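K.L.:
My file is protein_27.txt. It has compact mmCIF, C-alpha atoms:
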# COMPACT_ATOMS: atom_id res chain seq x y z
CA MET K 1097 0.59 -25.03 31.28
CA GLU K 1098 -0.02 -21.68 29.61
CA LYS K 1099 2.70 -20.14 27.50
CA THR K 1100 3.91 -16.54 27.71
CA ASP K 1101 3.99 -14.02 24.89
CA GLY K 1102 7.67 -13.19 25.36
CA ILE K 1103 6.94 -9.97 27.27
CA GLY K 1104 6.05 -11.59 30.54
CA ASN K 1105 2.28 -11.77 30.19
CA GLU K 1106 0.43 -15.04 30.16
CA ASN K 1107 -1.43 -15.57 26.90
CA GLY K 1108 -3.35 -18.75 26.42
CA SER K 1109 -5.42 -20.03 23.56
CA THR K 1110 -8.27 -17.59 24.33
CA GLU K 1111 -6.24 -14.55 23.29
CA GLU K 1112 -4.83 -16.38 20.31
CA LYS K 1113 -8.37 -17.18 19.16
CA GLN K 1114 -9.36 -13.55 19.74
CA SER K 1115 -6.45 -12.41 17.58
CA PHE K 1116 -7.62 -14.72 14.80
CA LYS K 1117 -11.28 -13.82 15.16
CA ASP K 1118 -11.31 -10.02 15.31
CA GLY K 1119 -8.02 -9.24 13.58
CA SER K 1120 -6.38 -7.73 16.64
CA ILE K 1121 -3.05 -8.86 18.07
CA CYS K 1122 -4.08 -10.31 21.43
CA GLY K 1123 -6.59 -7.48 21.79
CA TYR K 1124 -4.26 -4.70 20.59
CA ASN K 1125 -4.78 -2.53 17.50
CA SER K 1126 -1.27 -3.06 16.20
CA LEU K 1127 2.16 -4.39 17.04
CA HIS K 1128 3.23 -0.94 18.20
CA HIS K 1129 0.29 -0.65 20.60
CA LEU K 1130 1.09 -4.08 21.99
CA LEU K 1131 4.73 -3.15 22.57
CA SER K 1132 4.02 0.29 24.07
CA ALA K 1133 1.48 -1.19 26.48
CA ASN K 1134 3.73 -3.99 27.69
CA LEU K 1135 7.26 -2.60 27.67
CA LYS K 1136 8.75 -0.11 30.08
CA PRO K 1137 9.04 3.35 28.44
CA GLN K 1138 12.82 3.29 28.16
CA LEU K 1139 12.79 -0.20 26.67
CA TYR K 1140 9.96 0.67 24.27
CA GLN K 1141 11.89 3.75 23.13
CA GLU K 1142 14.85 1.60 22.18
CA VAL K 1143 12.68 -1.05 20.50
CA SER K 1144 10.85 1.69 18.61
CA ARG K 1145 14.17 3.12 17.43
CA LEU K 1146 15.06 -0.23 15.94
CA LEU K 1147 11.61 -0.86 14.42
CA LEU K 1148 10.79 2.63 13.14
CA GLY K 1149 14.20 4.22 12.68
CA LEU K 1150 15.11 7.85 13.28
CA ASN K 1151 14.18 10.87 11.18
CA CYS K 1152 16.99 13.42 11.06
CA GLY K 1153 18.52 11.73 14.09
CA LYS K 1154 15.45 11.71 16.31
CA ALA K 1155 12.19 9.86 16.82
CA LEU K 1156 9.41 10.78 14.44
CA GLU K 1157 7.33 13.70 15.71
CA THR K 1158 3.60 13.34 16.23
CA ILE K 1159 1.04 15.85 14.99
CA VAL K 1160 -2.11 16.73 16.90
CA PRO K 1161 -5.07 16.60 14.48
CA PRO K 1162 -7.68 19.37 14.73
CA GLU K 1163 -10.60 18.83 17.08
CA SER K 1164 -13.03 18.47 14.19
CA ALA K 1165 -11.03 15.53 12.79
CA LYS K 1166 -10.78 13.91 16.21
CA ALA K 1167 -14.53 14.31 16.66
CA LEU K 1168 -15.18 12.56 13.34
CA SER K 1169 -12.78 9.77 14.33
CA SER K 1170 -14.62 9.27 17.61
CA LYS K 1171 -18.09 9.44 16.10
CA HIS K 1172 -17.37 7.06 13.20
CA ASP K 1173 -14.92 4.83 15.05
CA PHE K 1174 -11.86 5.02 12.82
CA ASP K 1175 -8.21 5.07 13.82
CA LEU K 1176 -6.59 8.50 13.40
CA GLN K 1177 -2.82 8.99 13.59
CA ALA K 1178 -0.58 11.83 12.40
CA PHE K 1179 3.20 12.25 12.19
CA LYS K 1180 5.85 14.56 10.76
CA PHE K 1181 8.87 13.69 8.61
CA SER K 1182 11.44 16.50 8.75
CA ALA K 1183 14.43 17.32 6.55
CA ASP K 1184 17.60 19.20 7.32
CA LYS K 1185 17.41 22.95 6.85
CA GLU K 1186 18.99 24.08 3.58
CA LEU K 1187 20.56 27.43 2.65
CA LEU K 1188 19.36 27.61 -0.96
CA ARG K 1189 15.98 25.85 -0.84
CA GLU K 1190 12.93 26.52 1.26
CA PRO K 1191 11.25 23.51 2.93
CA ARG K 1192 8.81 21.67 0.63
CA VAL K 1193 6.33 20.36 3.18
CA VAL K 1194 3.29 18.47 1.91
CA ARG K 1195 0.61 16.84 4.07
CA VAL K 1196 -0.37 13.37 2.87
CA GLY K 1197 -3.13 11.01 3.97
CA LEU K 1198 -3.92 7.30 3.62
CA ILE K 1199 -7.36 5.73 4.16
CA GLN K 1200 -7.98 2.09 4.98
CA ASN K 1201 -11.46 0.65 5.44
CA CYS K 1202 -13.56 -2.48 5.51
CA ILE K 1203 -16.65 -2.95 3.37
CA ALA K 1204 -19.87 -1.51 4.76
CA LEU K 1205 -22.49 -4.18 3.94
CA PRO K 1206 -22.42 -7.97 3.51
CA THR K 1207 -21.43 -9.14 0.04
CA THR K 1208 -24.95 -10.59 -0.31
CA ALA K 1209 -26.50 -7.10 -0.35
CA PRO K 1210 -27.51 -5.57 -3.69
CA PHE K 1211 -24.43 -4.23 -5.47
CA SER K 1212 -25.78 -0.68 -5.67
CA ASP K 1213 -26.43 -0.70 -1.91
CA GLN K 1214 -22.92 -2.00 -1.22
CA LYS K 1215 -21.29 0.79 -3.22
CA LYS K 1216 -23.53 3.47 -1.72
CA ALA K 1217 -22.74 2.25 1.79
CA ILE K 1218 -19.00 2.41 1.10
CA PHE K 1219 -19.41 5.98 -0.13
CA GLU K 1220 -21.27 6.87 3.06
CA LYS K 1221 -18.59 5.21 5.18
CA LEU K 1222 -15.71 7.03 3.47
CA GLY K 1223 -17.33 10.47 3.48
CA PRO K 1224 -16.56 11.29 7.14
CA ILE K 1225 -13.00 9.92 6.86
CA ILE K 1226 -12.33 12.11 3.81
CA ASP K 1227 -13.88 15.03 5.70
CA ALA K 1228 -11.42 14.39 8.53
CA ALA K 1229 -8.56 14.43 6.03
CA GLY K 1230 -9.83 17.69 4.55
CA ALA K 1231 -10.30 19.26 7.98
CA SER K 1232 -6.70 18.26 8.79
CA GLY K 1233 -5.34 20.09 5.76
CA VAL K 1234 -4.29 17.00 3.81
CA ASN K 1235 -2.94 17.89 0.34
CA ILE K 1236 -2.73 14.40 -1.20
CA LEU K 1237 -4.99 11.50 -0.22
CA CYS K 1238 -4.76 7.87 -1.34
CA LEU K 1239 -7.46 5.22 -0.94
CA GLN K 1240 -6.95 1.45 -0.85
CA GLU K 1241 -7.03 -0.85 -3.87
CA ALA K 1242 -10.51 -1.28 -5.38
CA TRP K 1243 -11.96 0.72 -2.49
CA MET K 1244 -15.40 0.96 -4.12
CA MET K 1245 -16.21 -2.77 -3.91
CA PRO K 1246 -15.50 -5.99 -2.02
CA PHE K 1247 -12.20 -7.54 -3.08
CA ALA K 1248 -14.04 -10.32 -4.87
CA PHE K 1249 -11.25 -11.30 -7.26
CA CYS K 1250 -10.49 -14.35 -5.12
CA THR K 1251 -13.89 -15.86 -6.02
CA ARG K 1252 -13.28 -15.93 -9.78
CA GLU K 1253 -17.01 -15.30 -10.30
CA LYS K 1254 -17.75 -12.97 -13.19
CA ARG K 1255 -20.78 -11.29 -11.65
CA TRP K 1256 -18.50 -9.01 -9.61
CA CYS K 1257 -17.51 -7.33 -12.88
CA GLU K 1258 -20.67 -5.27 -12.43
CA PHE K 1259 -18.73 -3.08 -10.02
CA ALA K 1260 -16.44 -1.95 -12.86
CA GLU K 1261 -16.89 1.62 -14.05
CA PRO K 1262 -15.27 4.11 -16.46
CA VAL K 1263 -12.46 6.37 -15.27
CA ASN K 1264 -14.97 9.24 -15.09
CA GLY K 1265 -17.64 7.08 -13.45
CA GLU K 1266 -19.57 7.20 -10.22
CA SER K 1267 -16.64 6.74 -7.83
CA THR K 1268 -14.53 9.41 -9.53
CA GLN K 1269 -17.44 11.85 -9.51
CA PHE K 1270 -17.97 11.16 -5.80
CA LEU K 1271 -14.34 11.99 -5.03
CA GLN K 1272 -14.14 14.98 -7.36
CA GLU K 1273 -16.50 16.85 -5.05
CA PHE K 1274 -14.12 16.34 -2.12
CA ALA K 1275 -11.10 17.30 -4.25
CA LEU K 1276 -12.78 20.61 -5.07
CA LYS K 1277 -14.07 21.18 -1.55
CA TYR K 1278 -10.71 20.64 0.17
CA ASN K 1279 -8.26 21.58 -2.61
CA ILE K 1280 -6.86 18.06 -2.41
CA VAL K 1281 -5.31 15.57 -4.83
CA ILE K 1282 -6.95 12.12 -4.53
CA ILE K 1283 -5.66 8.75 -5.76
CA SER K 1284 -8.61 6.44 -6.39
CA SER K 1285 -7.98 2.77 -7.20
CA ILE K 1286 -10.95 1.29 -9.05
CA LEU K 1287 -11.98 -1.62 -11.26
CA GLU K 1288 -12.01 0.22 -14.58
CA ARG K 1289 -14.26 -0.59 -17.54
CA ASP K 1290 -12.61 0.78 -20.69
CA ILE K 1291 -15.63 1.69 -22.79
CA ASN K 1292 -13.56 2.71 -25.83
CA HIS K 1293 -11.69 -0.58 -26.05
CA GLY K 1294 -14.31 -3.30 -26.03
CA GLU K 1295 -15.25 -2.69 -22.36
CA THR K 1296 -11.97 -4.27 -21.28
CA LEU K 1297 -11.44 -4.34 -17.50
CA TRP K 1298 -8.36 -2.96 -15.76
CA ASN K 1299 -7.16 -2.47 -12.20
CA THR K 1300 -6.67 1.28 -12.39
CA ALA K 1301 -5.62 4.19 -10.20
CA VAL K 1302 -7.30 7.45 -11.16
CA ILE K 1303 -5.41 10.63 -10.23
CA ILE K 1304 -7.87 13.42 -9.39
CA GLY K 1305 -6.37 16.91 -9.25
CA ASN K 1306 -7.01 19.48 -6.55
CA HIS K 1307 -9.32 21.35 -8.95
CA GLY K 1308 -11.50 18.27 -9.35
CA ASN K 1309 -9.99 17.47 -12.74
CA ILE K 1310 -8.71 14.06 -13.83
CA ILE K 1311 -4.93 14.36 -14.21
CA GLY K 1312 -4.49 10.84 -15.55
CA LYS K 1313 -4.63 7.16 -14.76
CA HIS K 1314 -2.29 4.26 -14.16
CA ARG K 1315 -3.06 0.58 -14.59
CA LYS K 1316 -1.66 -2.19 -12.42
CA THR K 1317 1.75 -2.57 -13.92
CA GLY K 1318 5.27 -3.88 -13.78
CA PHE K 1319 8.61 -3.65 -15.56
CA TRP K 1320 8.51 -4.46 -19.31
CA GLN K 1321 6.04 -7.23 -18.56
CA ASN K 1322 3.29 -6.10 -16.23
CA HIS K 1323 2.44 -7.93 -13.04
CA ILE K 1324 -0.85 -9.58 -12.15
CA PRO K 1325 -0.78 -11.98 -9.19
CA ARG K 1326 -1.46 -15.65 -9.70
CA VAL K 1327 -1.01 -16.80 -6.12
CA GLY K 1328 -3.60 -19.04 -4.45
CA ASP K 1329 -6.96 -17.26 -4.57
CA PHE K 1330 -5.45 -14.23 -6.26
CA ASN K 1331 -5.62 -15.29 -9.91
CA GLU K 1332 -6.74 -11.80 -10.84
CA SER K 1333 -6.34 -12.35 -14.58
CA THR K 1334 -9.86 -13.80 -14.38
CA TYR K 1335 -10.98 -10.16 -14.23
CA TYR K 1336 -8.29 -7.99 -15.81
CA MET K 1337 -4.96 -8.36 -17.51
CA GLU K 1338 -1.61 -6.65 -17.16
CA GLY K 1339 -1.61 -2.89 -17.49
CA ASN K 1340 -0.33 -0.88 -20.45
CA THR K 1341 0.49 2.53 -19.01
CA GLY K 1342 4.18 2.07 -18.18
CA HIS K 1343 5.45 3.75 -15.00
CA PRO K 1344 4.04 7.28 -15.11
CA VAL K 1345 4.81 9.96 -12.57
CA PHE K 1346 2.13 12.61 -12.12
CA GLU K 1347 3.24 16.17 -11.45
CA THR K 1348 0.64 17.67 -9.13
CA ALA K 1349 0.33 20.96 -7.29
CA TYR K 1350 1.96 19.29 -4.28
CA GLY K 1351 4.72 17.16 -5.78
CA LYS K 1352 5.52 14.33 -8.17
CA ILE K 1353 3.62 11.17 -7.29
CA ALA K 1354 3.28 7.63 -8.63
CA VAL K 1355 1.14 4.59 -7.87
CA ASN K 1356 2.55 1.07 -7.52
CA ILE K 1357 -0.65 -0.97 -7.22
CA CYS K 1358 -0.67 -3.89 -4.76
CA TYR K 1359 1.29 -6.86 -6.20
CA GLY K 1360 3.72 -4.49 -7.90
CA ARG K 1361 5.43 -3.96 -4.55
CA HIS K 1362 6.99 -7.43 -4.79
CA HIS K 1363 9.03 -6.37 -7.83
CA PRO K 1364 12.07 -4.16 -7.05
CA LEU K 1365 12.39 -3.05 -10.68
CA ASN K 1366 8.86 -1.71 -10.48
CA TRP K 1367 9.85 0.62 -7.64
CA LEU K 1368 13.03 1.53 -9.51
CA ALA K 1369 11.15 2.58 -12.65
CA PHE K 1370 9.00 5.06 -10.73
CA GLY K 1371 12.13 6.47 -9.12
CA LEU K 1372 13.91 6.84 -12.47
CA ASN K 1373 10.89 8.81 -13.70
CA GLY K 1374 11.31 11.27 -10.82
CA ALA K 1375 8.70 10.23 -8.24
CA GLU K 1376 8.90 11.91 -4.83
CA ILE K 1377 6.03 9.94 -3.26
CA VAL K 1378 4.93 6.49 -4.42
CA PHE K 1379 1.64 5.08 -3.16
CA ASN K 1380 0.98 1.35 -2.84
CA PRO K 1381 -2.82 0.81 -2.57
CA SER K 1382 -3.26 -2.86 -1.67
CA ALA K 1383 -5.58 -5.65 -0.60
CA THR K 1384 -3.60 -8.39 1.08
CA VAL K 1385 -4.16 -10.87 3.91
CA GLY K 1386 -2.10 -11.92 6.89
CA GLU K 1387 -1.27 -15.50 6.03
CA LEU K 1388 -0.10 -14.48 2.59
CA SER K 1389 2.06 -11.40 3.08
CA GLU K 1390 2.09 -9.83 6.54
CA PRO K 1391 5.77 -10.55 7.35
CA MET K 1392 6.69 -8.83 4.07
CA TRP K 1393 4.44 -5.80 4.56
CA PRO K 1394 6.68 -3.59 6.73
CA ILE K 1395 9.81 -4.49 4.75
CA GLU K 1396 9.11 -4.07 1.04
CA ALA K 1397 7.86 -0.47 1.01
CA ARG K 1398 10.50 0.67 3.48
CA ASN K 1399 13.23 -0.92 1.39
CA ALA K 1400 11.82 0.78 -1.73
CA ALA K 1401 11.83 4.16 0.00
CA ILE K 1402 15.47 3.69 1.00
CA ALA K 1403 16.71 2.31 -2.32
CA ASN K 1404 14.94 4.94 -4.43
CA SER K 1405 15.18 8.00 -2.17
CA TYR K 1406 11.47 8.78 -2.09
CA PHE K 1407 8.54 8.51 0.33
CA VAL K 1408 6.16 5.54 0.20
CA GLY K 1409 2.56 5.37 1.39
CA SER K 1410 1.34 1.80 1.99
CA ILE K 1411 -2.43 1.23 2.21
CA ASN K 1412 -4.21 -2.05 2.92
CA ARG K 1413 -7.90 -2.71 3.47
CA VAL K 1414 -9.23 -4.23 6.70
CA GLY K 1415 -11.69 -6.93 7.67
CA THR K 1416 -12.72 -10.38 6.54
CA GLU K 1417 -15.04 -10.41 3.52
CA ILE K 1418 -17.43 -13.38 3.39
CA PHE K 1419 -18.74 -14.32 -0.06
CA PRO K 1420 -21.96 -16.23 -0.84
CA ASN K 1421 -20.31 -19.17 -2.61
CA PRO K 1422 -17.29 -21.03 -1.21
CA PHE K 1423 -14.28 -21.26 -3.53
CA THR K 1424 -11.04 -23.22 -3.65
CA SER K 1425 -7.44 -22.08 -4.02
CA GLY K 1426 -5.86 -24.96 -5.89
CA ASP K 1427 -3.93 -25.94 -2.76
CA GLY K 1428 -5.90 -29.04 -1.77
CA LYS K 1429 -7.70 -27.29 1.08
CA PRO K 1430 -11.52 -27.44 1.36
CA PRO K 1431 -13.66 -24.71 -0.21
CA HIS K 1432 -13.92 -21.55 1.91
CA PRO K 1433 -16.11 -18.43 1.69
CA ASP K 1434 -13.38 -15.88 2.48
CA PHE K 1435 -9.81 -15.21 1.45
CA GLY K 1436 -8.64 -14.33 4.96
CA HIS K 1437 -8.24 -11.25 7.13
CA PHE K 1438 -7.15 -8.03 5.43
CA TYR K 1439 -4.85 -6.69 8.12
CA GLY K 1440 -4.83 -2.93 7.43
CA SER K 1441 -1.58 -1.67 9.01
CA SER K 1442 -1.26 1.27 6.61
CA HIS K 1443 1.85 3.40 7.13
CA PHE K 1444 4.42 5.75 5.60
CA SER K 1445 8.09 5.08 4.91
CA ALA K 1446 10.76 7.71 4.29
CA PRO K 1447 14.01 7.70 2.29
CA ASP K 1448 16.07 7.96 5.48
CA ALA K 1449 14.75 4.52 6.65
CA SER K 1450 12.34 6.01 9.19
CA CYS K 1451 8.68 5.05 9.12
CA THR K 1452 5.47 5.70 11.00
CA PRO K 1453 3.77 3.17 13.26
CA SER K 1454 0.95 1.34 11.49
CA LEU K 1455 -2.75 2.01 11.58
CA SER K 1456 -5.02 -0.55 13.23
CA ARG K 1457 -4.95 -4.13 12.08
CA TYR K 1458 -8.77 -4.35 12.14
CA LYS K 1459 -10.33 -0.86 12.17
CA ASP K 1460 -10.96 1.75 9.52
CA GLY K 1461 -8.30 4.41 9.67
CA LEU K 1462 -6.76 7.64 8.47
CA MET K 1463 -2.99 8.07 8.57
CA ILE K 1464 -1.68 11.61 8.09
CA SER K 1465 1.90 12.70 7.63
CA ASP K 1466 3.72 15.92 6.93
CA MET K 1467 6.75 15.23 4.77
CA ASP K 1468 9.44 17.65 3.65
CA LEU K 1469 10.20 16.55 0.10
CA ASN K 1470 13.67 18.10 0.38
CA LEU K 1471 14.57 14.89 2.23
CA CYS K 1472 14.53 13.01 -1.08
CA ARG K 1473 17.43 14.96 -2.57
CA GLN K 1474 19.26 15.07 0.74
CA LEU K 1475 19.32 11.27 0.90
CA LYS K 1476 20.38 11.04 -2.76
CA ASP K 1477 23.34 13.27 -1.89
CA LYS K 1478 24.12 11.32 1.28
CA TRP K 1479 24.11 7.79 -0.12
CA GLY K 1480 24.71 8.39 -3.83
CA PHE K 1481 22.66 5.39 -4.93
CA ARG K 1482 21.86 6.92 -8.33
CA MET K 1483 25.47 8.00 -8.83
CA THR K 1484 27.00 4.64 -7.88
CA ALA K 1485 24.46 2.43 -9.65
CA ARG K 1486 25.67 0.65 -12.80
CA TYR K 1487 22.59 0.82 -14.96
CA GLU K 1488 24.49 -0.08 -18.13
CA LEU K 1489 25.57 -3.36 -16.55
CA TYR K 1490 22.07 -4.11 -15.30
CA ALA K 1491 20.69 -3.34 -18.76
CA ASP K 1492 23.19 -5.70 -20.40
CA THR K 1493 22.34 -8.47 -17.95
CA LEU K 1494 18.61 -8.07 -18.46
CA ALA K 1495 18.97 -7.89 -22.25
CA SER K 1496 21.03 -11.08 -22.16
CA TYR K 1497 18.51 -12.80 -19.88
CA LEU K 1498 15.69 -12.12 -22.35
CA LYS K 1499 17.46 -14.00 -25.15
CA PRO K 1500 16.44 -17.64 -25.78
CA ASP K 1501 20.06 -18.78 -25.63
CA PHE K 1502 20.76 -17.14 -22.26
CA GLU K 1503 23.07 -19.04 -19.94
CA PRO K 1504 23.54 -18.03 -16.29
CA GLN K 1505 27.01 -16.73 -15.40
CA VAL K 1506 28.02 -19.47 -12.97
CA ILE K 1507 31.63 -20.36 -12.18
CA SER K 1508 31.83 -23.83 -10.72
CA ASP K 1509 34.54 -25.17 -8.49
CA PRO K 1510 36.57 -27.45 -10.82
CA LEU K 1511 36.84 -29.97 -8.00
CA LEU K 1512 33.11 -29.96 -7.28
CA HIS K 1513 32.25 -32.88 -9.56
CA LYS K 1514 35.62 -34.60 -9.51
CA LYS K 1515 35.61 -38.02 -7.92
CA SER K 1516 37.76 -38.38 -4.86
CA PHE K 1517 40.16 -41.32 -4.72
Would you mind writing the structure in this file as structure tokens?
P.N.:
Amino acid sequence: MEKTDGIGNENGSTEEKQSFKDGSICGYNSLHHLLSANLKPQLYQEVSRLLLGLNCGKALETIVPPESAKALSSKHDFDLQAFKFSADKELLREPRVVRVGLIQNCIALPTTAPFSDQKKAIFEKLGPIIDAAGASGVNILCLQEAWMMPFAFCTREKRWCEFAEPVNGESTQFLQEFALKYNIVIISSILERDINHGETLWNTAVIIGNHGNIIGKHRKTGFWQNHIPRVGDFNESTYYMEGNTGHPVFETAYGKIAVNICYGRHHPLNWLAFGLNGAEIVFNPSATVGELSEPMWPIEARNAAIANSYFVGSINRVGTEIFPNPFTSGDGKPPHPDFGHFYGSSHFSAPDASCTPSLSRYKDGLMISDMDLNLCRQLKDKWGFRMTARYELYADTLASYLKPDFEPQVISDPLLHKKSF
């Protein structure tokens, strides 16, 4: 007997296998496409309200991209979505609307191809998507983590270090041309080779200004101690160690931005530090797979946006990357040639708890959003999180926790361990 999917449609093992094989959800691009196609409009509207929230009391508005961007999307087969986050009208401040874009993509050639060909093919793949962002008037554009290479860190093979490059290397130069052409700020997450410090490798986000200049860089980081994942295949310290750049916020022509690279999203204090430094938009370029993190994906960034009163852009790569040599994960399972399916699903979250639908779970994509940065202060005034926080108490607790003689503050029931007679 076939089971149903909970919406009334019969879905047997064939669709389940399809979902596993091509990365779709029973043939649909995303959860939101599945729901909109199978629920009555009124019911979908209510479900969407619960899943995506309301922006200034209403459903998020859509934006119609220009025809040139839609033509590029059709020709190069990438998902293109655009939305608008509004803010309440103020009497003393003009709206501060900035148009922001996120790009997700799969690799362009098999991992067995020559490394130079792989990188060149990724450049060629991204060119039309960046052109679509430029044609759409995007002001700030963020790419996924280590966009210029396969995410080979799961293999623990050192040969992939050849993809590393200086901050001003080939990938940065490639993007600088687009920054100049479209007057756009670009966040580029690369595997950095620090020539001046013994060719040390870092997981680094390069901030390219709208004049084609390099504003600065940020290395995969955390709070006090920096965070590098050591989970299953992701023992990334084989390639690079914890960053040393703190929690910088970059003041650009279009607003104050920060970059919380991949694994950093699991640490609430990481998000907090960027907020304390004044970030208005925090980007989270990532590379993560379904079995590992997908239930967490729509929650963590949205929670960060709410708790810190800023916008968050979440970017994840797509596709399943097959490597030449099988590897193990230290979990007793047999060797395997891939880490799993990178599920895309890039999206934006706002400080008022609203968020966009996600990009495709298996296709390249460009997500565009207008956001009025006035919303950040408006939500600070509404909820007063900064005003009501007790940072001095948190600081005392953390300082105490770091001491060798720390003892947890636990009050036990005096009868808990008393013998009953």
K.L.:
Would you compute the distance between atom CA of K:Gly1461 and atom CA of K:Pro1210? Give it in Å to one decimal.
P.N.:
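It comes out at 25.4 Å.
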K.L.:
Work out how far atom CA of K:Ile1357 is from atom CA of K:Glu1387, in Å to one decimal.
P.N.:
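Distance reported for this atom pair: 19.7 Å.
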K.L.:
Find the residue from K:Gly1374, K:Asp1460, K:Glu1347, K:Phe1407 that sits nearest to K:Ile1225; use only C-alpha atoms when measuring.
P.N.:
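Ranked by minimum distance to K:Ile1225, first place goes to K:Asp1460.
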K.L.:
Nearest residue to K:Leu1147 out of K:Arg1189, K:Arg1252, K:Arg1398, K:Lys1180, using only C-alpha atoms?
P.N.:
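Closest candidate: K:Arg1398.
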K.L.:
Just how far from atom CA of K:Leu1150 is atom CA of K:Ser1182, in Å to one decimal?
P.N.:
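Computed distance, atom CA of K:Ser1182 to atom CA of K:Leu1150, equals 10.4 Å.
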K.L.:
Quick one: residues within 12 Å of K:Ala1401, all atoms listed in the file counted, chain neighbours fewer than 3 positions away excluded, as a ChimeraX atom specification?
P.N.:
/K:1361,1364,1367-1368,1370-1371,1375-1380,1394-1398,1404-1410,1444-1451,1471-1472,1475-1476,1481
